[in-house]
>>> print(open('target_24.cif').read())   # mmCIF, N, CA and C atoms
data_input
#
loop_
_atom_site.group_PDB
_atom_site.id
_atom_site.type_symbol
_atom_site.label_atom_id
_atom_site.label_comp_id
_atom_site.auth_asym_id
_atom_site.auth_seq_id
_atom_site.Cartn_x
_atom_site.Cartn_y
_atom_site.Cartn_z
ATOM 1 N N MET W 1 -71.782 52.538 -130.376
ATOM 2 C CA MET W 1 -71.483 52.392 -131.790
ATOM 3 C C MET W 1 -72.806 52.357 -132.558
ATOM 4 N N LYS W 2 -72.855 53.022 -133.685
ATOM 5 C CA LYS W 2 -74.059 53.045 -134.499
ATOM 6 C C LYS W 2 -74.332 51.669 -135.086
ATOM 7 N N LEU W 3 -75.610 51.375 -135.309
ATOM 8 C CA LEU W 3 -76.004 50.102 -135.893
ATOM 9 C C LEU W 3 -75.345 49.898 -137.252
ATOM 10 N N SER W 4 -75.264 50.970 -138.068
ATOM 11 C CA SER W 4 -74.653 50.836 -139.394
ATOM 12 C C SER W 4 -73.184 50.452 -139.290
ATOM 13 N N MET W 5 -72.485 50.946 -138.278
ATOM 14 C CA MET W 5 -71.077 50.589 -138.098
ATOM 15 C C MET W 5 -70.951 49.134 -137.648
ATOM 16 N N LEU W 6 -71.896 48.667 -136.822
ATOM 17 C CA LEU W 6 -71.880 47.268 -136.394
ATOM 18 C C LEU W 6 -72.115 46.344 -137.584
ATOM 19 N N ILE W 7 -73.053 46.727 -138.434
ATOM 20 C CA ILE W 7 -73.332 45.922 -139.630
ATOM 21 C C ILE W 7 -72.108 45.899 -140.537
ATOM 22 N N LEU W 8 -71.481 47.061 -140.742
ATOM 23 C CA LEU W 8 -70.285 47.138 -141.573
ATOM 24 C C LEU W 8 -69.165 46.283 -140.988
ATOM 25 N N ALA W 9 -69.007 46.341 -139.679
ATOM 26 C CA ALA W 9 -67.967 45.532 -139.029
ATOM 27 C C ALA W 9 -68.241 44.052 -139.250
ATOM 28 N N GLY W 10 -69.486 43.652 -139.182
ATOM 29 C CA GLY W 10 -69.845 42.251 -139.423
ATOM 30 C C GLY W 10 -69.567 41.838 -140.847
ATOM 31 N N LEU W 11 -69.873 42.710 -141.798
ATOM 32 C CA LEU W 11 -69.595 42.409 -143.205
ATOM 33 C C LEU W 11 -68.099 42.309 -143.457
ATOM 34 N N CYS W 12 -67.322 43.170 -142.832
ATOM 35 C CA CYS W 12 -65.874 43.153 -143.016
ATOM 36 C C CYS W 12 -65.269 41.848 -142.530
ATOM 37 N N ALA W 13 -65.896 41.242 -141.554
ATOM 38 C CA ALA W 13 -65.388 39.966 -141.053
ATOM 39 C C ALA W 13 -65.617 38.852 -142.060
ATOM 40 N N LEU W 14 -66.609 39.006 -142.933
ATOM 41 C CA LEU W 14 -66.958 37.967 -143.895
ATOM 42 C C LEU W 14 -66.360 38.183 -145.275
ATOM 43 N N ILE W 15 -66.224 39.448 -145.687
ATOM 44 C CA ILE W 15 -65.809 39.772 -147.044
ATOM 45 C C ILE W 15 -64.626 40.726 -146.990
ATOM 46 N N PRO W 16 -63.526 40.408 -147.681
ATOM 47 C CA PRO W 16 -62.425 41.372 -147.715
ATOM 48 C C PRO W 16 -62.874 42.639 -148.439
ATOM 49 N N VAL W 17 -62.665 43.777 -147.844
ATOM 50 C CA VAL W 17 -63.061 45.038 -148.463
ATOM 51 C C VAL W 17 -61.931 46.040 -148.388
ATOM 52 N N THR W 18 -61.972 46.995 -149.273
ATOM 53 C CA THR W 18 -61.050 48.121 -149.258
ATOM 54 C C THR W 18 -61.895 49.368 -149.140
ATOM 55 N N LEU W 19 -61.570 50.237 -148.193
ATOM 56 C CA LEU W 19 -62.299 51.479 -148.042
ATOM 57 C C LEU W 19 -61.530 52.581 -148.748
ATOM 58 N N LEU W 20 -62.216 53.329 -149.575
ATOM 59 C CA LEU W 20 -61.587 54.413 -150.320
ATOM 60 C C LEU W 20 -62.285 55.716 -149.972
ATOM 61 N N ALA W 21 -61.544 56.710 -149.566
ATOM 62 C CA ALA W 21 -62.110 58.035 -149.310
ATOM 63 C C ALA W 21 -61.740 58.931 -150.476
ATOM 64 N N GLU W 22 -62.695 59.705 -150.937
ATOM 65 C CA GLU W 22 -62.463 60.575 -152.077
ATOM 66 C C GLU W 22 -62.903 61.995 -151.753
ATOM 67 N N ALA W 23 -62.681 62.884 -152.681
ATOM 68 C CA ALA W 23 -63.128 64.268 -152.642
ATOM 69 C C ALA W 23 -62.664 64.998 -151.392
ATOM 70 N N PRO W 24 -61.425 65.498 -151.416
ATOM 71 C CA PRO W 24 -60.936 66.268 -150.277
ATOM 72 C C PRO W 24 -61.875 67.433 -149.980
ATOM 73 N N GLY W 25 -62.006 67.750 -148.715
ATOM 74 C CA GLY W 25 -62.876 68.828 -148.317
ATOM 75 C C GLY W 25 -64.238 68.358 -147.858
ATOM 76 N N LYS W 26 -64.625 67.164 -148.236
ATOM 77 C CA LYS W 26 -65.889 66.605 -147.773
ATOM 78 C C LYS W 26 -65.578 65.629 -146.654
ATOM 79 N N SER W 27 -66.549 65.388 -145.813
ATOM 80 C CA SER W 27 -66.309 64.460 -144.708
ATOM 81 C C SER W 27 -66.097 63.060 -145.261
ATOM 82 N N ALA W 28 -65.179 62.335 -144.653
ATOM 83 C CA ALA W 28 -64.864 60.981 -145.113
ATOM 84 C C ALA W 28 -66.090 60.086 -145.022
ATOM 85 N N GLU W 29 -66.929 60.292 -144.008
ATOM 86 C CA GLU W 29 -68.099 59.446 -143.836
ATOM 87 C C GLU W 29 -69.040 59.545 -145.030
ATOM 88 N N SER W 30 -69.185 60.726 -145.619
ATOM 89 C CA SER W 30 -70.090 60.888 -146.747
ATOM 90 C C SER W 30 -69.469 60.420 -148.058
ATOM 91 N N GLU W 31 -68.161 60.223 -148.088
ATOM 92 C CA GLU W 31 -67.485 59.869 -149.325
ATOM 93 C C GLU W 31 -66.835 58.495 -149.302
ATOM 94 N N VAL W 32 -67.117 57.681 -148.322
ATOM 95 C CA VAL W 32 -66.515 56.356 -148.246
ATOM 96 C C VAL W 32 -67.347 55.392 -149.073
ATOM 97 N N ARG W 33 -66.680 54.637 -149.911
ATOM 98 C CA ARG W 33 -67.372 53.593 -150.663
ATOM 99 C C ARG W 33 -66.636 52.289 -150.426
ATOM 100 N N ILE W 34 -67.370 51.219 -150.427
ATOM 101 C CA ILE W 34 -66.780 49.908 -150.162
ATOM 102 C C ILE W 34 -66.550 49.213 -151.497
ATOM 103 N N VAL W 35 -65.339 48.725 -151.679
ATOM 104 C CA VAL W 35 -64.989 47.995 -152.885
ATOM 105 C C VAL W 35 -64.700 46.556 -152.477
ATOM 106 N N GLU W 36 -65.518 45.656 -152.942
ATOM 107 C CA GLU W 36 -65.337 44.247 -152.643
ATOM 108 C C GLU W 36 -64.162 43.728 -153.464
ATOM 109 N N THR W 37 -63.309 42.915 -152.855
ATOM 110 C CA THR W 37 -62.147 42.388 -153.567
ATOM 111 C C THR W 37 -62.219 40.877 -153.666
ATOM 112 N N VAL W 38 -61.482 40.361 -154.644
ATOM 113 C CA VAL W 38 -61.431 38.925 -154.865
ATOM 114 C C VAL W 38 -59.981 38.522 -155.121
ATOM 115 N N ASN W 39 -59.561 37.434 -154.513
ATOM 116 C CA ASN W 39 -58.222 36.889 -154.749
ATOM 117 C C ASN W 39 -58.314 35.980 -155.969
ATOM 118 N N ILE W 40 -57.701 36.394 -157.062
ATOM 119 C CA ILE W 40 -57.814 35.628 -158.304
ATOM 120 C C ILE W 40 -57.045 34.309 -158.256
ATOM 121 N N ASN W 41 -56.256 34.103 -157.209
ATOM 122 C CA ASN W 41 -55.537 32.838 -157.053
ATOM 123 C C ASN W 41 -56.307 31.807 -156.246
ATOM 124 N N THR W 42 -57.344 32.221 -155.553
ATOM 125 C CA THR W 42 -58.068 31.276 -154.696
ATOM 126 C C THR W 42 -59.575 31.253 -154.934
ATOM 127 N N ALA W 43 -60.114 32.261 -155.574
ATOM 128 C CA ALA W 43 -61.561 32.374 -155.736
ATOM 129 C C ALA W 43 -62.098 31.403 -156.775
ATOM 130 N N SER W 44 -63.347 31.042 -156.595
ATOM 131 C CA SER W 44 -64.040 30.211 -157.586
ATOM 132 C C SER W 44 -64.427 31.092 -158.780
ATOM 133 N N ALA W 45 -64.787 30.456 -159.869
ATOM 134 C CA ALA W 45 -65.229 31.191 -161.051
ATOM 135 C C ALA W 45 -66.460 32.031 -160.725
ATOM 136 N N GLU W 46 -67.346 31.502 -159.927
ATOM 137 C CA GLU W 46 -68.556 32.221 -159.548
ATOM 138 C C GLU W 46 -68.224 33.477 -158.741
ATOM 139 N N GLU W 47 -67.267 33.365 -157.829
ATOM 140 C CA GLU W 47 -66.851 34.521 -157.033
ATOM 141 C C GLU W 47 -66.210 35.585 -157.924
ATOM 142 N N ILE W 48 -65.349 35.161 -158.830
ATOM 143 C CA ILE W 48 -64.680 36.094 -159.735
ATOM 144 C C ILE W 48 -65.704 36.827 -160.599
ATOM 145 N N ALA W 49 -66.627 36.077 -161.192
ATOM 146 C CA ALA W 49 -67.644 36.680 -162.058
ATOM 147 C C ALA W 49 -68.568 37.608 -161.280
ATOM 148 N N GLY W 50 -68.818 37.287 -160.030
ATOM 149 C CA GLY W 50 -69.719 38.091 -159.225
ATOM 150 C C GLY W 50 -69.137 39.417 -158.780
ATOM 151 N N ILE W 51 -67.825 39.521 -158.740
ATOM 152 C CA ILE W 51 -67.188 40.732 -158.220
ATOM 153 C C ILE W 51 -66.593 41.603 -159.315
ATOM 154 N N LEU W 52 -66.030 41.000 -160.347
ATOM 155 C CA LEU W 52 -65.333 41.781 -161.368
ATOM 156 C C LEU W 52 -66.280 42.267 -162.459
ATOM 157 N N THR W 53 -66.078 43.484 -162.896
ATOM 158 C CA THR W 53 -66.859 44.099 -163.960
ATOM 159 C C THR W 53 -66.323 43.651 -165.316
ATOM 160 N N GLY W 54 -67.208 43.230 -166.186
ATOM 161 C CA GLY W 54 -66.801 42.811 -167.524
ATOM 162 C C GLY W 54 -66.265 41.388 -167.590
ATOM 163 N N ILE W 55 -66.347 40.671 -166.482
ATOM 164 C CA ILE W 55 -65.919 39.272 -166.439
ATOM 165 C C ILE W 55 -67.151 38.429 -166.132
ATOM 166 N N GLY W 56 -67.620 37.742 -167.142
ATOM 167 C CA GLY W 56 -68.746 36.841 -166.948
ATOM 168 C C GLY W 56 -68.253 35.475 -166.497
ATOM 169 N N LEU W 57 -69.167 34.552 -166.373
ATOM 170 C CA LEU W 57 -68.817 33.220 -165.888
ATOM 171 C C LEU W 57 -67.859 32.491 -166.828
ATOM 172 N N ALA W 58 -68.004 32.671 -168.122
ATOM 173 C CA ALA W 58 -67.111 31.989 -169.073
ATOM 174 C C ALA W 58 -65.666 32.474 -168.914
ATOM 175 N N LYS W 59 -65.461 33.786 -168.823
ATOM 176 C CA LYS W 59 -64.101 34.311 -168.645
ATOM 177 C C LYS W 59 -63.567 33.940 -167.266
ATOM 178 N N ALA W 60 -64.427 33.966 -166.269
ATOM 179 C CA ALA W 60 -64.001 33.585 -164.923
ATOM 180 C C ALA W 60 -63.553 32.126 -164.897
ATOM 181 N N ARG W 61 -64.258 31.275 -165.616
ATOM 182 C CA ARG W 61 -63.853 29.862 -165.706
ATOM 183 C C ARG W 61 -62.516 29.732 -166.436
ATOM 184 N N ALA W 62 -62.290 30.588 -167.433
ATOM 185 C CA ALA W 62 -61.005 30.581 -168.144
ATOM 186 C C ALA W 62 -59.877 31.009 -167.207
ATOM 187 N N ILE W 63 -60.138 31.963 -166.327
ATOM 188 C CA ILE W 63 -59.139 32.398 -165.340
ATOM 189 C C ILE W 63 -58.790 31.244 -164.413
ATOM 190 N N VAL W 64 -59.807 30.552 -163.917
ATOM 191 C CA VAL W 64 -59.573 29.419 -163.002
ATOM 192 C C VAL W 64 -58.837 28.294 -163.730
ATOM 193 N N ALA W 65 -59.218 28.013 -164.976
ATOM 194 C CA ALA W 65 -58.557 26.956 -165.750
ATOM 195 C C ALA W 65 -57.088 27.306 -165.999
ATOM 196 N N TYR W 66 -56.823 28.560 -166.330
ATOM 197 C CA TYR W 66 -55.440 29.007 -166.548
ATOM 198 C C TYR W 66 -54.628 28.833 -165.273
ATOM 199 N N ARG W 67 -55.213 29.234 -164.163
ATOM 200 C CA ARG W 67 -54.552 29.130 -162.858
ATOM 201 C C ARG W 67 -54.245 27.670 -162.517
ATOM 202 N N LYS W 68 -55.174 26.774 -162.823
ATOM 203 C CA LYS W 68 -54.957 25.349 -162.541
ATOM 204 C C LYS W 68 -53.855 24.772 -163.425
ATOM 205 N N GLU W 69 -53.793 25.216 -164.664
ATOM 206 C CA GLU W 69 -52.789 24.692 -165.590
ATOM 207 C C GLU W 69 -51.393 25.260 -165.355
ATOM 208 N N PHE W 70 -51.305 26.570 -165.076
ATOM 209 C CA PHE W 70 -50.006 27.233 -165.000
ATOM 210 C C PHE W 70 -49.595 27.675 -163.604
ATOM 211 N N GLY W 71 -50.448 27.476 -162.621
ATOM 212 C CA GLY W 71 -50.125 27.885 -161.259
ATOM 213 C C GLY W 71 -50.659 29.273 -160.953
ATOM 214 N N PRO W 72 -50.460 29.713 -159.734
ATOM 215 C CA PRO W 72 -51.031 31.000 -159.315
ATOM 216 C C PRO W 72 -50.421 32.179 -160.069
ATOM 217 N N PHE W 73 -51.205 33.233 -160.161
ATOM 218 C CA PHE W 73 -50.750 34.465 -160.796
ATOM 219 C C PHE W 73 -49.774 35.165 -159.853
ATOM 220 N N ASP W 74 -48.663 35.648 -160.397
ATOM 221 C CA ASP W 74 -47.696 36.405 -159.599
ATOM 222 C C ASP W 74 -48.151 37.840 -159.408
ATOM 223 N N SER W 75 -48.866 38.369 -160.390
ATOM 224 C CA SER W 75 -49.378 39.734 -160.296
ATOM 225 C C SER W 75 -50.703 39.815 -161.045
ATOM 226 N N ILE W 76 -51.440 40.848 -160.767
ATOM 227 C CA ILE W 76 -52.717 41.074 -161.436
ATOM 228 C C ILE W 76 -52.507 41.228 -162.940
ATOM 229 N N ASP W 77 -51.406 41.828 -163.332
ATOM 230 C CA ASP W 77 -51.121 42.044 -164.757
ATOM 231 C C ASP W 77 -50.966 40.743 -165.531
ATOM 232 N N ASP W 78 -50.682 39.635 -164.846
ATOM 233 C CA ASP W 78 -50.552 38.333 -165.513
ATOM 234 C C ASP W 78 -51.880 37.846 -166.086
ATOM 235 N N LEU W 79 -52.975 38.433 -165.681
ATOM 236 C CA LEU W 79 -54.284 38.041 -166.216
ATOM 237 C C LEU W 79 -54.378 38.258 -167.718
ATOM 238 N N VAL W 80 -53.543 39.127 -168.260
ATOM 239 C CA VAL W 80 -53.560 39.384 -169.696
ATOM 240 C C VAL W 80 -53.241 38.107 -170.485
ATOM 241 N N GLU W 81 -52.628 37.135 -169.838
ATOM 242 C CA GLU W 81 -52.314 35.856 -170.488
ATOM 243 C C GLU W 81 -53.559 34.994 -170.709
ATOM 244 N N VAL W 82 -54.639 35.314 -170.010
ATOM 245 C CA VAL W 82 -55.885 34.551 -170.148
ATOM 246 C C VAL W 82 -56.640 35.081 -171.360
ATOM 247 N N LYS W 83 -56.997 34.198 -172.278
ATOM 248 C CA LYS W 83 -57.707 34.593 -173.487
ATOM 249 C C LYS W 83 -59.009 35.294 -173.109
ATOM 250 N N GLY W 84 -59.208 36.472 -173.684
ATOM 251 C CA GLY W 84 -60.424 37.238 -173.436
ATOM 252 C C GLY W 84 -60.306 38.270 -172.339
ATOM 253 N N VAL W 85 -59.158 38.314 -171.670
ATOM 254 C CA VAL W 85 -58.945 39.317 -170.624
ATOM 255 C C VAL W 85 -57.861 40.263 -171.115
ATOM 256 N N GLY W 86 -58.235 41.508 -171.322
ATOM 257 C CA GLY W 86 -57.285 42.486 -171.832
ATOM 258 C C GLY W 86 -56.901 43.521 -170.796
ATOM 259 N N ASP W 87 -56.022 44.417 -171.210
ATOM 260 C CA ASP W 87 -55.535 45.476 -170.327
ATOM 261 C C ASP W 87 -56.668 46.347 -169.779
ATOM 262 N N ALA W 88 -57.635 46.672 -170.607
ATOM 263 C CA ALA W 88 -58.736 47.545 -170.168
ATOM 264 C C ALA W 88 -59.544 46.878 -169.060
ATOM 265 N N THR W 89 -59.803 45.604 -169.193
ATOM 266 C CA THR W 89 -60.547 44.880 -168.170
ATOM 267 C C THR W 89 -59.749 44.809 -166.874
ATOM 268 N N ILE W 90 -58.459 44.593 -166.992
ATOM 269 C CA ILE W 90 -57.600 44.540 -165.807
ATOM 270 C C ILE W 90 -57.613 45.890 -165.100
ATOM 271 N N GLU W 91 -57.446 46.982 -165.843
ATOM 272 C CA GLU W 91 -57.417 48.310 -165.231
ATOM 273 C C GLU W 91 -58.746 48.661 -164.581
ATOM 274 N N LYS W 92 -59.837 48.287 -165.231
ATOM 275 C CA LYS W 92 -61.165 48.580 -164.702
ATOM 276 C C LYS W 92 -61.394 47.874 -163.363
ATOM 277 N N ASN W 93 -60.739 46.734 -163.164
ATOM 278 C CA ASN W 93 -60.955 45.905 -161.977
ATOM 279 C C ASN W 93 -59.781 45.873 -161.001
ATOM 280 N N ARG W 94 -58.723 46.602 -161.285
ATOM 281 C CA ARG W 94 -57.501 46.506 -160.478
ATOM 282 C C ARG W 94 -57.767 46.655 -158.977
ATOM 283 N N SER W 95 -58.612 47.583 -158.571
ATOM 284 C CA SER W 95 -58.872 47.799 -157.143
ATOM 285 C C SER W 95 -59.731 46.684 -156.535
ATOM 286 N N ARG W 96 -60.299 45.836 -157.368
ATOM 287 C CA ARG W 96 -61.133 44.743 -156.879
ATOM 288 C C ARG W 96 -60.402 43.408 -156.804
ATOM 289 N N MET W 97 -59.136 43.378 -157.256
ATOM 290 C CA MET W 97 -58.401 42.109 -157.320
ATOM 291 C C MET W 97 -57.176 42.109 -156.429
ATOM 292 N N THR W 98 -56.835 40.910 -155.983
ATOM 293 C CA THR W 98 -55.589 40.692 -155.256
ATOM 294 C C THR W 98 -55.061 39.324 -155.666
ATOM 295 N N VAL W 99 -53.774 39.127 -155.473
ATOM 296 C CA VAL W 99 -53.158 37.816 -155.757
ATOM 297 C C VAL W 99 -52.586 37.197 -154.481
ATOM 298 N N LYS W 100 -52.682 37.903 -153.365
ATOM 299 C CA LYS W 100 -52.138 37.408 -152.105
ATOM 300 C C LYS W 100 -53.209 37.216 -151.082
#
>>> encode(input="target_24.cif", output="structure tokens")
Amino acid sequence: MKLSMLILAGLCALIPVTLLAEAPGKSAESEVRIVETVNINTASAEEIAGILTGIGLAKARAIVAYRKEFGPFDSIDDLVEVKGVGDATIEKNRSRMTVK
């Protein structure tokens, strides 16, 4: 096994990732990108802010506060209920979030 595959396997054990292959006709190895994901029902504000685009620490803290007050999110789309999080931000980050 190549060293890069061993390193990737080690990272996968620590961080949930989604592998996406793009551009049909090209080899999957050259077109694979790793997308780090975060569970918005369990992650800390720091984890949320570190992974999601357009979500700084203040909005991430608002997500955690909302979750503590109203319970876990049933779906990613429920984030729209958090002040300062709109549809565009949700769509931009959809592949980086999970609720389960």
>>> atom_distance(input="target_24.cif", atom1="CA of Phe70 (chain W)", atom2="CA of Val35 (chain W)")
28.3 Å
>>> residues_around(input="target_24.cif", residues="region 89-99 of chain W", least_positions_apart="5", cutoff="8 Å", atoms="only N, CA and C atoms", output="MDAnalysis selection string")
chainID W and resid 18 35:42 51:55 72:77 79:80 84
>>> atom_distance(input="target_24.cif", atom1="atom N of Glu47 (chain W)", atom2="atom N of Ala88 (chain W)")
20.8 Å
>>> atom_distance(input="target_24.cif", atom1="atom C of Val85 (chain W)", atom2="atom C of Val32 (chain W)")
28.4 Å
>>> axis_aligned_box(input="target_24.cif", around="region 49-61 of chain W", padding_each_side="3 Å", output="JSON")
{"center_x": -66.1, "center_y": 36.9, "center_z": -163.6, "size_x": 13.2, "size_y": 20.4, "size_z": 16.9}
